[in-house]
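So this one's upload.txt, compact mmCIF, C-alpha atoms:
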```txt
# COMPACT_ATOMS: atom_id res chain seq x y z
CA GLN A 1497 140.97 108.99 94.23
CA SER A 1498 137.72 110.75 95.14
CA ILE A 1499 134.69 110.36 92.87
CA CYS A 1500 132.13 112.39 94.84
CA GLU A 1501 131.10 113.35 98.36
CA VAL A 1502 128.50 111.32 100.25
CA SER A 1503 126.46 114.51 100.52
CA GLU A 1504 126.14 114.55 96.70
CA LEU A 1505 124.46 111.12 96.58
CA LYS A 1506 120.70 111.03 96.15
CA LEU A 1507 120.47 107.57 97.72
CA ARG A 1508 120.02 107.68 101.49
CA GLY A 1509 121.38 105.19 104.01
CA ARG A 1510 124.62 103.41 104.76
CA HIS A 1511 123.25 100.19 103.23
CA ASN A 1512 122.93 102.01 99.89
CA TRP A 1513 126.40 103.52 100.25
CA GLN A 1514 127.82 100.02 100.72
CA ASN A 1515 126.04 98.93 97.53
CA ILE A 1516 127.46 101.97 95.72
CA CYS A 1517 131.00 101.07 96.81
CA ALA A 1518 130.53 97.53 95.53
CA ALA A 1519 129.16 98.80 92.21
CA VAL A 1520 132.01 101.30 91.77
CA THR A 1521 134.57 98.60 92.53
CA THR A 1522 133.03 96.38 89.86
CA VAL A 1523 132.82 99.13 87.23
CA TRP A 1524 136.34 100.37 88.03
CA GLN A 1525 137.78 97.06 86.76
CA VAL A 1526 136.36 97.84 83.31
CA ASP A 1527 136.18 101.63 83.01
CA GLN A 1528 137.91 104.25 85.15
CA ASN A 1529 135.96 107.21 83.74
CA ILE A 1530 135.51 109.15 86.98
CA GLU A 1531 133.18 111.76 85.48
CA ALA A 1532 130.82 109.13 84.04
CA ILE A 1533 130.73 107.24 87.35
CA ARG A 1534 130.16 110.48 89.25
CA GLN A 1535 127.27 111.43 86.94
CA VAL A 1536 125.49 108.14 87.65
CA LEU A 1537 126.13 108.25 91.40
CA THR A 1538 124.88 111.82 91.83
CA SER A 1539 121.77 111.42 89.67
CA PHE A 1540 120.43 107.94 90.53
CA SER A 1541 117.65 108.29 93.09
CA GLY A 1542 116.86 104.63 93.63
CA LEU A 1543 113.98 102.30 92.94
CA GLU A 1544 110.28 102.92 93.43
CA HIS A 1545 108.93 102.39 96.97
CA ARG A 1546 112.47 102.07 98.39
CA LEU A 1547 113.32 105.24 100.33
CA GLU A 1548 111.79 107.13 97.41
CA TYR A 1549 111.58 110.88 97.85
CA VAL A 1550 108.05 112.03 97.04
CA SER A 1551 107.68 115.73 97.84
CA GLN A 1552 108.05 118.47 100.39
CA ILE A 1553 105.10 120.13 102.12
CA ASP A 1554 105.57 123.11 104.45
CA GLY A 1555 109.28 122.31 104.74
CA ALA A 1556 108.79 118.63 105.69
CA SER A 1557 110.00 115.87 103.32
CA TYR A 1558 107.92 112.77 102.54
CA PHE A 1559 109.55 109.42 101.67
CA ASP A 1560 107.90 106.24 100.39
CA ASP A 1561 109.55 103.06 101.66
CA SER A 1562 106.47 100.87 101.29
CA PHE A 1563 108.76 98.02 100.22
CA GLY A 1564 109.89 97.95 103.87
CA THR A 1565 107.62 95.03 104.80
CA THR A 1566 109.70 93.60 107.65
CA PRO A 1567 110.99 95.13 110.88
CA ASP A 1568 114.59 94.80 109.62
CA THR A 1569 113.89 96.80 106.45
CA ALA A 1570 112.08 99.47 108.47
CA ILE A 1571 115.11 99.70 110.79
CA VAL A 1572 117.43 100.31 107.82
CA ALA A 1573 115.07 103.03 106.51
CA ILE A 1574 114.82 104.79 109.88
CA GLU A 1575 118.60 104.71 110.29
CA ALA A 1576 119.03 106.32 106.85
CA PHE A 1577 117.83 109.69 108.18
CA SER A 1578 119.39 111.83 110.88
CA GLU A 1579 116.55 114.36 110.72
CA PRO A 1580 113.61 114.30 113.17
CA LYS A 1581 111.19 111.69 111.88
CA ILE A 1582 107.50 110.87 111.90
CA VAL A 1583 107.38 107.18 111.02
CA ILE A 1584 104.32 105.29 109.77
CA LEU A 1585 104.45 101.69 111.06
CA GLY A 1586 101.99 98.81 110.85
CA GLY A 1587 100.03 96.58 108.54
CA SER A 1588 99.26 92.89 108.40
CA ASP A 1589 101.06 90.22 110.39
CA LYS A 1590 104.14 88.38 109.12
CA GLY A 1591 104.86 86.77 112.48
CA ALA A 1592 107.76 89.09 113.25
CA SER A 1593 109.00 90.48 116.55
CA TYR A 1594 108.99 94.26 116.85
CA ASP A 1595 111.42 94.58 119.76
CA ASN A 1596 114.49 95.51 117.68
CA LEU A 1597 112.39 97.94 115.65
CA ALA A 1598 111.17 99.58 118.84
CA GLN A 1599 114.75 100.00 120.08
CA CYS A 1600 115.69 101.53 116.72
CA VAL A 1601 112.86 104.06 117.09
CA VAL A 1602 114.13 105.00 120.56
CA ASN A 1603 117.70 105.50 119.32
CA ASN A 1604 117.15 107.34 116.01
CA ASN A 1605 115.52 110.75 116.50
CA VAL A 1606 111.93 109.60 115.89
CA LYS A 1607 109.56 112.21 117.29
CA LYS A 1608 106.30 110.38 116.57
CA VAL A 1609 105.11 106.98 115.35
CA LEU A 1610 101.79 106.69 113.56
CA LEU A 1611 100.42 103.18 114.04
CA ILE A 1612 98.30 101.67 111.26
CA GLY A 1613 96.64 98.37 110.45
CA GLU A 1614 96.12 95.24 112.46
CA GLN A 1615 99.70 95.20 113.78
CA GLY A 1616 99.55 98.79 115.03
CA PRO A 1617 98.68 97.73 118.60
CA SER A 1618 101.45 95.09 118.69
CA ILE A 1619 104.04 97.60 117.49
CA GLY A 1620 102.69 100.14 119.98
CA ALA A 1621 103.13 97.60 122.79
CA ALA A 1622 106.74 96.91 121.73
CA LEU A 1623 107.44 100.64 121.63
CA ALA A 1624 105.96 101.10 125.10
CA ARG A 1625 108.16 98.29 126.46
CA ALA A 1626 111.17 100.13 124.98
CA GLY A 1627 110.08 103.35 126.69
CA PHE A 1628 108.72 105.14 123.60
CA LYS A 1629 105.20 106.44 124.15
CA ASN A 1630 104.83 109.18 121.52
CA THR A 1631 102.48 107.19 119.29
CA SER A 1632 99.04 107.69 117.86
CA THR A 1633 96.68 105.95 115.49
CA GLY A 1634 97.41 107.03 111.94
CA GLY A 1635 93.97 106.47 110.48
CA SER A 1636 91.97 103.97 108.47
CA ASN A 1637 93.02 105.13 104.98
CA MET A 1638 95.98 106.88 103.40
CA THR A 1639 94.31 110.30 103.30
CA GLU A 1640 93.77 110.19 107.07
CA ILE A 1641 97.30 108.88 107.67
CA ILE A 1642 98.93 111.70 105.70
CA LYS A 1643 96.61 114.31 107.23
CA THR A 1644 97.67 113.14 110.71
CA ALA A 1645 101.36 113.21 109.77
CA ARG A 1646 101.10 116.66 108.24
CA SER A 1647 99.40 118.05 111.35
CA ILE A 1648 102.42 117.01 113.44
CA ALA A 1649 105.23 117.79 111.00
CA GLN A 1650 107.56 120.77 111.35
CA PRO A 1651 109.96 122.20 108.76
CA GLY A 1652 113.00 119.93 108.49
CA ASP A 1653 111.13 116.78 109.54
CA VAL A 1654 111.03 113.59 107.51
CA ILE A 1655 107.72 111.75 107.17
CA LEU A 1656 108.64 108.14 106.44
CA LEU A 1657 106.30 105.38 105.31
CA SER A 1658 108.31 102.26 106.15
CA PRO A 1659 105.67 100.07 107.75
CA GLY A 1660 107.70 97.01 108.76
CA CYS A 1661 104.67 94.86 107.91
CA ALA A 1662 102.80 93.41 104.96
CA SER A 1663 100.00 95.53 103.51
CA PHE A 1664 97.13 93.13 102.93
CA ASP A 1665 94.89 94.37 105.75
CA MET A 1666 94.44 97.85 104.22
CA PHE A 1667 95.93 97.72 100.70
CA ARG A 1668 96.23 95.30 97.77
CA ASP A 1669 100.00 95.06 98.15
CA TYR A 1670 103.03 97.17 99.01
CA LYS A 1671 102.87 98.87 95.60
CA ASP A 1672 99.27 99.94 96.16
CA ARG A 1673 100.20 101.23 99.62
CA GLY A 1674 103.15 103.20 98.26
CA ASN A 1675 101.22 104.53 95.27
CA GLN A 1676 98.41 105.77 97.51
CA PHE A 1677 100.97 107.44 99.77
CA LYS A 1678 102.57 109.20 96.81
CA GLN A 1679 99.26 110.25 95.31
CA VAL A 1680 97.97 111.83 98.53
CA VAL A 1681 101.28 113.56 99.26
CA ARG A 1682 101.60 114.95 95.73
CA GLU A 1683 98.02 116.23 95.76
CA LEU A 1684 98.63 117.98 99.08
CA ALA A 1685 101.94 119.41 97.85
CA LEU A 1686 100.24 120.80 94.75
CA SER A 1687 97.42 122.26 96.84
CA ALA A 1688 99.90 123.83 99.25
CA ALA A 1689 101.90 125.33 96.37
CA GLN A 1690 98.74 126.90 94.89
CA SER A 1691 97.54 128.36 98.19
CA PRO A 1692 98.22 132.08 98.58
CA ALA A 1693 100.90 133.01 101.12
CA PRO A 1694 99.51 134.29 104.44
CA ALA A 1695 99.38 138.06 104.80
CA GLU A 1696 102.10 139.56 107.00
```
Please lay out the structure from this file as structure tokens.
Amino acid sequence: QSICEVSELKLRGRHNWQNICAAVTTVWQVDQNIEAIRQVLTSFSGLEHRLEYVSQIDGASYFDDSFGTTPDTAIVAIEAFSEPKIVILGGSDKGASYDNLAQCVVNNNVKKVLLIGEQGPSIGAALARAGFKNTSTGGSNMTEIIKTARSIAQPGDVILLSPGCASFDMFRDYKDRGNQFKQVVRELALSAAQSPAPAE
């Protein structure tokens, strides 16, 4: 029996779909109210800083996955989107290898990587070894990082903050990093919405 289409889910990524299947299986043992289950599945947008949709600016969508503090969590986030991506990677060191992350970038429609923080050069080196050279420095604060991303973005792109690193070199913690990302993006989105349309 079908409850809803995958396209109706607000949660992105196969890892979330697996969690949804497990949750539905559990609930189904107690209550088989398809409409109630469907309502929850099609309205729940996830937790803060975990593939959280923030806003759209000039046709590009911005997602906060600041909770992605390891290469493995960044890989899952990147794989959640089929769209062309600008990915923000870097931060403070957790002693991780970036080789699998670099291969993920190569294989998953990433058009640009913005490197930030003290691990930016190490991630850049791993990307270069994997044959991905379309990187640049994101900036020294969130305003610069978002400004750089916006200058590259095209309609239909996803701008994804999923750093694959801890945040302590530039931010208090992952929440601070994510909150700054959201604040800057929302301010830019509001400014863009208030700007008059260009004359034809």
* Asked: Residues at most 12 Å from A:Glu1640, counting all atoms listed in the file, excluding those fewer than 6 positions away in the same chain, as a list in words?
  -> Ile1584, Leu1610, Leu1611, Ile1612, Thr1633, Gly1634, Arg1646, Ser1647, Gln1676, Phe1677, Val1680 and Val1681 of chain A
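Compared by their closest atoms to A:Gly1564, and using all atoms listed in the file, the residues A:Asn1637, A:Gln1552, A:Ser1663, A:Asn1604 rank with A:Ser1663 nearest.
Closest approach to A:Phe1667 from the set A:Ile1655, A:Glu1544, A:Asp1595, A:Gly1587 is made by A:Gly1587, with distances taken over only C-alpha atoms.
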* Exercise: A:Leu1656 partners within 7 Å, all atoms listed in the file, chain neighbours under 4 positions left out, as a PyMOL selection string -> chain A and resi 1558-1560+1581-1584
For the selection just defined, write its residues with C-alpha atoms to a file, as an mmCIF file, in the coordinates of the input.
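Result written to out_14.cif:
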```cif
data_model
loop_
_atom_site.group_PDB
_atom_site.id
_atom_site.type_symbol
_atom_site.label_atom_id
_atom_site.label_comp_id
_atom_site.auth_asym_id
_atom_site.auth_seq_id
_atom_site.Cartn_x
_atom_site.Cartn_y
_atom_site.Cartn_z
ATOM 1 C CA TYR A 1558 107.920 112.770 102.540
ATOM 2 C CA PHE A 1559 109.550 109.420 101.670
ATOM 3 C CA ASP A 1560 107.900 106.240 100.390
ATOM 4 C CA LYS A 1581 111.190 111.690 111.880
ATOM 5 C CA ILE A 1582 107.500 110.870 111.900
ATOM 6 C CA VAL A 1583 107.380 107.180 111.020
ATOM 7 C CA ILE A 1584 104.320 105.290 109.770
#
```
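Going from atom CA of A:Ser1557 over to atom CA of A:Asp1653, you cover 6.4 Å.
You will find atom CA of A:Pro1567 at 26.3 Å from atom CA of A:Ala1519.
Among the candidates A:Val1601, A:Ile1648, A:Ser1593, A:Val1502, the residue lying nearest to A:Lys1629 is A:Val1601 (atoms considered: only C-alpha atoms).
The space between atom CA of A:Arg1534 and atom CA of A:Ser1578 spans 24.2 Å.
The smallest atom-to-atom distance between A:Thr1538 and any of A:Glu1501, A:Asp1665, A:Asp1561, A:Asp1554, using all atoms listed in the file, is found for A:Glu1501.
Of the listed residues (A:Ile1533, A:Leu1657, A:Val1606, A:Leu1684), A:Leu1657 comes nearest to A:Arg1546; the distances count all atoms listed in the file.
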* Non-local contacts of stretch 1520-1523 of chain A (12 Å; all atoms listed in the file; under 2 positions in same chain excluded) as an NGL selection string -> :A and (1498-1500 or 1513-1518 or 1525-1530 or 1532-1534 or 1536-1537)
* Please, which residues are within 12 Å of (114.7, 101.1, 124.0) by the file's coordinates, counting only C-alpha atoms, and could they come as a PyMOL selection string? -> chain A and resi 1594-1604+1622-1629
* To do: Fewer than 5 positions away in the same chain doesn't count, so skip those; otherwise give me all residues within 10 Å of A:Gln1679, counting all atoms listed in the file, as a PyMOL selection string.
  => chain A and resi 1550+1638-1639+1674+1684-1685
C-alpha atoms of the current selection, written as a PDB file, in the frame of the given file:
```pdb
ATOM      1  CA  VAL A1550     108.050 112.030  97.040  1.00  0.00           C
ATOM      2  CA  MET A1638      95.980 106.880 103.400  1.00  0.00           C
ATOM      3  CA  THR A1639      94.310 110.300 103.300  1.00  0.00           C
ATOM      4  CA  GLY A1674     103.150 103.200  98.260  1.00  0.00           C
ATOM      5  CA  LEU A1684      98.630 117.980  99.080  1.00  0.00           C
ATOM      6  CA  ALA A1685     101.940 119.410  97.850  1.00  0.00           C
TER       7      ALA A1685
END
```
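Considering all atoms listed in the file, the residue among A:Leu1505, A:Ala1662, A:Ala1621, A:Ala1688 positioned nearest to A:Gly1555 is A:Ala1688.
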